[in-house]
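Just model-v4.csv here, CSV, C-alpha atoms:
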```
chain,number,residue,atom,x,y,z
A,1,MET,CA,-32.7,-28.1,-31.7
A,2,SER,CA,-29.9,-25.6,-31.0
A,3,ASP,CA,-29.2,-24.3,-27.6
A,4,PHE,CA,-29.4,-20.7,-28.7
A,5,ASP,CA,-32.0,-18.5,-30.5
A,6,GLN,CA,-29.8,-16.1,-32.4
A,7,GLU,CA,-26.2,-16.0,-33.5
A,8,LEU,CA,-23.9,-13.0,-33.9
A,9,ASP,CA,-20.7,-13.2,-35.9
A,10,ALA,CA,-18.4,-10.6,-34.4
A,11,ARG,CA,-15.2,-12.1,-36.0
A,12,GLY,CA,-12.6,-9.5,-36.9
A,13,LEU,CA,-14.3,-6.7,-35.0
A,14,ASN,CA,-12.4,-4.8,-32.3
A,15,CYS,CA,-13.4,-3.1,-29.1
A,16,PRO,CA,-16.1,-1.8,-28.5
A,17,LEU,CA,-17.9,-3.2,-31.6
A,18,PRO,CA,-18.6,-6.8,-30.4
A,19,ILE,CA,-20.3,-5.4,-27.3
A,20,LEU,CA,-22.3,-2.8,-29.3
A,21,ARG,CA,-23.4,-5.4,-31.8
A,22,ALA,CA,-24.4,-7.8,-29.0
A,23,LYS,CA,-26.4,-5.1,-27.3
A,24,LYS,CA,-28.2,-4.4,-30.5
A,25,ALA,CA,-29.0,-8.0,-31.2
A,26,LEU,CA,-30.3,-8.5,-27.6
A,27,ASN,CA,-32.5,-5.5,-28.1
A,28,GLY,CA,-34.4,-7.4,-30.7
A,29,MET,CA,-34.8,-10.5,-28.6
A,30,ALA,CA,-37.3,-11.6,-26.0
A,31,ALA,CA,-36.4,-12.2,-22.3
A,32,GLY,CA,-35.0,-15.6,-21.7
A,33,GLU,CA,-33.7,-16.1,-25.2
A,34,VAL,CA,-30.1,-16.9,-25.8
A,35,LEU,CA,-27.7,-15.1,-28.1
A,36,LYS,CA,-24.5,-16.9,-29.2
A,37,ILE,CA,-21.6,-14.5,-30.0
A,38,ILE,CA,-18.5,-15.5,-31.8
A,39,SER,CA,-15.6,-13.1,-31.5
A,40,THR,CA,-11.8,-13.0,-32.3
A,41,ASP,CA,-11.0,-10.1,-30.0
A,42,PRO,CA,-9.3,-11.4,-26.9
A,43,GLY,CA,-10.4,-8.3,-24.9
A,44,SER,CA,-14.0,-9.4,-25.4
A,45,VAL,CA,-13.6,-12.2,-22.9
A,46,LYS,CA,-13.4,-9.8,-20.0
A,47,ASP,CA,-15.7,-7.3,-21.6
A,48,PHE,CA,-18.6,-9.7,-22.0
A,49,GLU,CA,-18.3,-10.6,-18.3
A,50,ALA,CA,-18.4,-6.9,-17.5
A,51,PHE,CA,-21.3,-6.4,-19.8
A,52,ALA,CA,-23.3,-9.2,-18.2
A,53,SER,CA,-22.6,-8.0,-14.7
A,54,GLN,CA,-23.7,-4.5,-15.5
A,55,THR,CA,-26.7,-5.2,-17.6
A,56,GLY,CA,-28.2,-8.1,-15.8
A,57,ASN,CA,-28.0,-10.3,-18.9
A,58,GLU,CA,-26.6,-13.7,-18.0
A,59,LEU,CA,-23.4,-15.0,-19.5
A,60,LEU,CA,-24.1,-18.7,-19.5
A,61,ASN,CA,-20.9,-19.8,-21.1
A,62,SER,CA,-17.6,-18.4,-22.3
A,63,THR,CA,-15.2,-20.7,-24.2
A,64,GLU,CA,-12.3,-20.5,-26.5
A,65,GLU,CA,-12.1,-22.7,-29.6
A,66,SER,CA,-9.0,-22.4,-31.9
A,67,GLY,CA,-8.5,-18.7,-31.4
A,68,GLU,CA,-12.2,-17.8,-31.4
A,69,PHE,CA,-14.2,-16.9,-28.4
A,70,HIS,CA,-17.7,-18.2,-28.0
A,71,PHE,CA,-20.2,-16.7,-25.6
A,72,MET,CA,-23.8,-17.6,-24.7
A,73,MET,CA,-25.7,-14.6,-23.4
A,74,LYS,CA,-29.2,-15.0,-22.0
A,75,LYS,CA,-31.3,-12.0,-22.2
A,76,ALA,CA,-32.7,-10.7,-18.9
B,1,MET,CA,-31.1,-0.9,-11.2
B,2,SER,CA,-31.4,2.9,-11.5
B,3,GLU,CA,-29.9,4.5,-14.6
B,4,LYS,CA,-26.3,5.6,-14.2
B,5,LYS,CA,-25.0,8.8,-15.9
B,6,LEU,CA,-21.8,9.6,-17.7
B,7,CYS,CA,-20.6,13.0,-18.7
B,8,ILE,CA,-17.5,13.6,-20.8
B,9,ILE,CA,-15.8,16.9,-21.9
B,10,ALA,CA,-14.2,16.3,-25.3
B,11,THR,CA,-11.5,18.9,-26.0
B,12,LYS,CA,-9.3,17.4,-28.6
B,13,GLY,CA,-9.8,17.4,-32.4
B,14,THR,CA,-7.3,14.8,-33.8
B,15,LEU,CA,-8.1,11.4,-35.2
B,16,ASP,CA,-6.5,9.5,-32.3
B,17,TRP,CA,-8.2,11.5,-29.6
B,18,ALA,CA,-11.5,11.3,-31.3
B,19,TYR,CA,-11.7,7.7,-30.2
B,20,PRO,CA,-11.9,7.8,-26.4
B,21,PRO,CA,-15.0,9.9,-26.1
B,22,PHE,CA,-17.0,8.0,-28.8
B,23,ILE,CA,-15.8,4.5,-27.6
B,24,LEU,CA,-16.6,5.2,-24.0
B,25,SER,CA,-19.9,6.8,-24.8
B,26,SER,CA,-21.2,4.2,-27.1
B,27,THR,CA,-20.2,1.5,-24.7
B,28,ALA,CA,-21.7,3.2,-21.7
B,29,ALA,CA,-24.9,3.7,-23.6
B,30,ALA,CA,-24.9,-0.1,-24.4
B,31,LEU,CA,-24.5,-0.7,-20.6
B,32,GLY,CA,-27.5,1.4,-19.9
B,33,TYR,CA,-25.9,4.7,-19.0
B,34,ASP,CA,-27.5,8.0,-19.8
B,35,VAL,CA,-24.6,9.8,-21.6
B,36,THR,CA,-23.7,13.4,-22.4
B,37,ILE,CA,-20.7,14.7,-24.2
B,38,PHE,CA,-19.8,18.3,-24.0
B,39,PHE,CA,-17.5,19.3,-27.0
B,40,THR,CA,-15.4,22.4,-26.4
B,41,PHE,CA,-12.5,24.0,-28.3
B,42,TYR,CA,-10.9,21.5,-30.7
B,43,GLY,CA,-13.4,18.9,-29.7
B,44,LEU,CA,-15.9,20.7,-31.9
B,45,GLN,CA,-14.1,19.2,-34.9
B,46,LEU,CA,-15.7,15.9,-33.9
B,47,LEU,CA,-19.1,17.2,-34.6
B,48,LYS,CA,-18.5,18.5,-38.1
B,49,LYS,CA,-20.7,17.0,-40.8
B,50,LYS,CA,-17.6,16.2,-42.8
B,51,LEU,CA,-14.9,14.9,-40.6
B,52,SER,CA,-11.3,15.6,-41.7
B,53,LEU,CA,-9.5,14.5,-38.6
B,54,LYS,CA,-5.7,14.0,-38.8
B,55,VAL,CA,-3.1,12.4,-36.6
B,56,SER,CA,0.3,14.0,-36.2
B,57,PRO,CA,3.6,12.6,-35.0
B,58,LEU,CA,4.8,16.1,-34.4
B,59,GLY,CA,5.4,16.7,-30.7
B,60,ASN,CA,4.2,13.2,-29.9
B,61,PRO,CA,7.2,11.1,-28.9
B,62,GLY,CA,4.9,8.3,-27.7
B,63,MET,CA,3.5,7.6,-31.1
B,64,PRO,CA,4.8,4.4,-32.7
B,65,MET,CA,5.9,4.9,-36.2
B,66,PRO,CA,6.3,2.3,-38.9
B,67,MET,CA,9.6,0.7,-39.8
B,68,GLY,CA,11.3,1.9,-36.6
B,69,MET,CA,11.2,5.5,-37.9
B,70,ASP,CA,10.6,6.7,-34.4
B,71,LYS,CA,14.1,5.3,-33.4
B,72,TRP,CA,16.2,7.0,-36.1
B,73,PHE,CA,14.1,9.7,-37.5
B,74,PRO,CA,15.1,13.2,-36.3
B,75,VAL,CA,12.3,15.0,-34.4
B,76,MET,CA,12.5,17.8,-37.0
B,77,GLY,CA,11.6,15.2,-39.6
B,78,THR,CA,8.1,14.9,-38.2
B,79,ALA,CA,7.5,18.5,-39.4
B,80,ILE,CA,8.2,17.7,-43.0
B,81,PRO,CA,5.3,18.7,-45.2
B,82,GLY,CA,3.1,15.7,-46.1
B,83,MET,CA,4.2,13.8,-43.0
B,84,GLU,CA,0.8,14.4,-41.2
B,85,ALA,CA,-1.2,13.3,-44.3
B,86,MET,CA,1.0,10.2,-44.6
B,87,MET,CA,0.7,9.2,-40.9
B,88,THR,CA,-3.1,9.8,-41.1
B,89,VAL,CA,-3.5,7.4,-44.1
B,90,MET,CA,-1.2,4.8,-42.4
B,91,MET,CA,-3.2,5.1,-39.1
B,92,LYS,CA,-6.5,4.7,-40.9
B,93,ASN,CA,-5.3,1.7,-42.8
B,94,LYS,CA,-4.0,0.1,-39.7
B,95,MET,CA,-7.2,0.7,-37.8
B,96,LYS,CA,-9.2,-0.8,-40.7
B,97,SER,CA,-7.0,-3.9,-40.8
B,98,LYS,CA,-7.5,-4.4,-37.0
B,99,GLY,CA,-11.3,-4.2,-37.2
B,100,ILE,CA,-11.5,-0.9,-35.4
B,101,ALA,CA,-14.6,1.2,-36.2
B,102,SER,CA,-14.2,4.5,-38.0
B,103,VAL,CA,-14.9,7.7,-36.0
B,104,GLU,CA,-17.9,8.3,-38.2
B,105,ASP,CA,-19.3,4.8,-37.4
B,106,LEU,CA,-18.8,5.3,-33.7
B,107,ARG,CA,-20.3,8.7,-33.8
B,108,ASP,CA,-23.4,7.2,-35.6
B,109,LEU,CA,-23.6,4.5,-32.9
B,110,CYS,CA,-23.6,7.2,-30.2
B,111,ILE,CA,-26.4,9.1,-32.0
B,112,GLU,CA,-28.4,5.9,-32.5
B,113,ALA,CA,-28.0,5.2,-28.7
B,114,GLU,CA,-29.3,8.8,-27.9
B,115,VAL,CA,-26.0,10.0,-26.5
B,116,ARG,CA,-26.5,13.8,-25.9
B,117,LEU,CA,-24.1,15.8,-27.9
B,118,ILE,CA,-23.6,19.4,-26.8
B,119,GLY,CA,-21.5,21.9,-28.7
B,120,CYS,CA,-19.9,24.8,-26.8
B,121,GLN,CA,-21.5,28.0,-28.0
B,122,MET,CA,-18.5,30.1,-27.0
B,123,THR,CA,-16.1,28.0,-29.1
B,124,ILE,CA,-18.4,28.4,-32.1
B,125,ASP,CA,-18.4,32.1,-31.7
B,126,LEU,CA,-14.7,32.3,-31.0
B,127,PHE,CA,-13.6,30.5,-34.2
B,128,ASP,CA,-16.5,31.9,-36.3
B,129,MET,CA,-17.7,28.4,-37.0
B,130,GLY,CA,-21.0,28.1,-38.9
B,131,GLU,CA,-23.8,26.2,-37.2
B,132,GLY,CA,-24.5,24.6,-40.6
B,133,ASP,CA,-21.1,22.9,-40.5
B,134,PHE,CA,-22.2,20.6,-37.7
B,135,ILE,CA,-24.4,17.5,-37.7
B,136,ASP,CA,-28.1,18.1,-36.9
B,137,GLU,CA,-28.1,16.0,-33.8
B,138,ILE,CA,-26.3,18.5,-31.6
B,139,GLU,CA,-27.5,20.9,-29.0
B,140,LEU,CA,-25.6,24.1,-28.2
B,141,GLY,CA,-24.9,25.2,-24.7
B,142,GLY,CA,-22.4,26.8,-22.3
B,143,ALA,CA,-20.6,26.0,-19.0
B,144,ALA,CA,-23.9,26.1,-17.0
B,145,THR,CA,-25.4,23.5,-19.4
B,146,TYR,CA,-22.4,21.3,-18.9
B,147,PHE,CA,-22.9,21.5,-15.1
B,148,GLU,CA,-26.5,20.7,-15.4
B,149,TYR,CA,-25.5,17.2,-16.6
B,150,ALA,CA,-22.1,16.9,-14.9
B,151,GLY,CA,-23.6,17.6,-11.5
B,152,ALA,CA,-26.1,14.7,-11.9
B,153,SER,CA,-23.5,12.3,-13.3
B,154,ASP,CA,-21.9,9.3,-11.6
B,155,ILE,CA,-18.8,9.6,-13.8
B,156,ASN,CA,-17.2,12.7,-15.2
B,157,LEU,CA,-14.3,12.6,-17.6
B,158,TYR,CA,-12.2,15.3,-19.2
B,159,ILE,CA,-10.6,14.1,-22.5
```

As structure tokens, the full file:
Amino acid sequence: MSDFDQELDARGLNCPLPILRAKKALNGMAAGEVLKIISTDPGSVKDFEAFASQTGNELLNSTEESGEFHFMMKKA
Amino acid sequence: MSEKKLCIIATKGTLDWAYPPFILSSTAAALGYDVTIFFTFYGLQLLKKKLSLKVSPLGNPGMPMPMGMDKWFPVMGTAIPGMEAMMTVMMKNKMKSKGIASVEDLRDLCIEAEVRLIGCQMTIDLFDMGEGDFIDEIELGGAATYFEYAGASDINLYI
């Protein structure tokens, strides 16, 4: 079993698209479910932290793997 | 968490300056803000059904140009016919290659997120613009309409 419910591939997208796509994906999910986001935009690291603190969704994890940024966002 | 409000005045009608209002508005909407943009003067170009926004190096010394042209190209050169069209194509290609959304896409995202788009009635009258030239999702209003939203906003920006 995977540790997320849905995955969003935001590779190649630049600000503000990763955030907007994530928001859209979260809209279709239930509270407590986890969205995994993969991005190549270095600015998205700070932006997903800011997104989480302002929307109440919880950023469980933020990691970098070979130039890609992985986020785990739990829907509030 | 009570809903925050953002109000922006968009006054510019070039390709580069089309981005700040639409990027900030779509992002604010995603963060849960109630967003209003008031478009006045050249900003009305951003509400046209068919966008034909351009970017110009003319009178813009801060604009990076390809191949170091900004270093050796005389200022007068930026006024050469066709320069604007060329720079616009180059800018659009560059944006596409960097994964930056088109203005049309960002505007659609704003509409989808129910960002309130208000066109300045006075500007439309001043430039004899036809209301049919604009997308259907706009409302029209004047300065008092702007203040109705601006006065209740947490953030007000003039772009």

All residues 12 Å or closer to Ala31 of chain A, only C-alpha atoms, same chain fewer than 6 positions away omitted, as a list in words: Asp5, Gly56, Asn57, Glu58, Met73, Lys74, Lys75 and Ala76 of chain A

Residues of chain B within 9 Å of chain A: nearest atom pair and distance (Å, one decimal) for each, counting all atoms listed in the file, sorted by chain and number, as a tab-separated table?
```
residue	atom	partner	partner_atom	distance
B:Met1	CA	A:Thr55	CA	8.9
B:Ile23	CA	A:Pro16	CA	6.4
B:Leu24	CA	A:Pro16	CA	8.3
B:Ser26	CA	A:Leu20	CA	7.4
B:Thr27	CA	A:Pro16	CA	6.5
B:Ala30	CA	A:Lys23	CA	6.0
B:Leu31	CA	A:Thr55	CA	5.8
B:Gly32	CA	A:Thr55	CA	7.0
B:Ser97	CA	A:Gly12	CA	8.8
B:Lys98	CA	A:Asn14	CA	6.8
B:Gly99	CA	A:Leu13	CA	4.5
B:Ile100	CA	A:Asn14	CA	5.1
B:Ala101	CA	A:Leu17	CA	7.2
B:Leu106	CA	A:Leu17	CA	8.8
B:Leu109	CA	A:Leu20	CA	8.2
```

Radius query 12 Å about (-19.8, 13.1, -44.1), atoms used: only C-alpha atoms, as a ChimeraX atom specification: /B:46-53,102-105,107-108,133-135

Please, what distance in Å, to one decimal, runs between atom CA of Cys120 of chain B and atom CA of Thr11 of chain B? 10.3 Å

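All residues of protein, DNA or RNA that reach within 12 Å of Thr63 of chain A, judged by all atoms listed in the file and not counting those fewer than 2 positions away in the chain, are A:Lys36, A:Ile37, A:Ile38, A:Ser39, A:Thr40, A:Pro42, A:Ser44, A:Val45, A:Lys46, A:Phe48, A:Leu59, A:Leu60, A:Asn61, A:Glu65, A:Ser66, A:Gly67, A:Glu68, A:Phe69, A:His70, A:Phe71, A:Met72.
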
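The interatomic distance for the pair atom CA of Cys110 of chain B and atom CA of Ala143 of chain B works out to 22.1 Å.
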
In Å to one decimal, how far is atom CA of Glu139 of chain B from atom CA of Cys7 of chain B? 14.7 Å
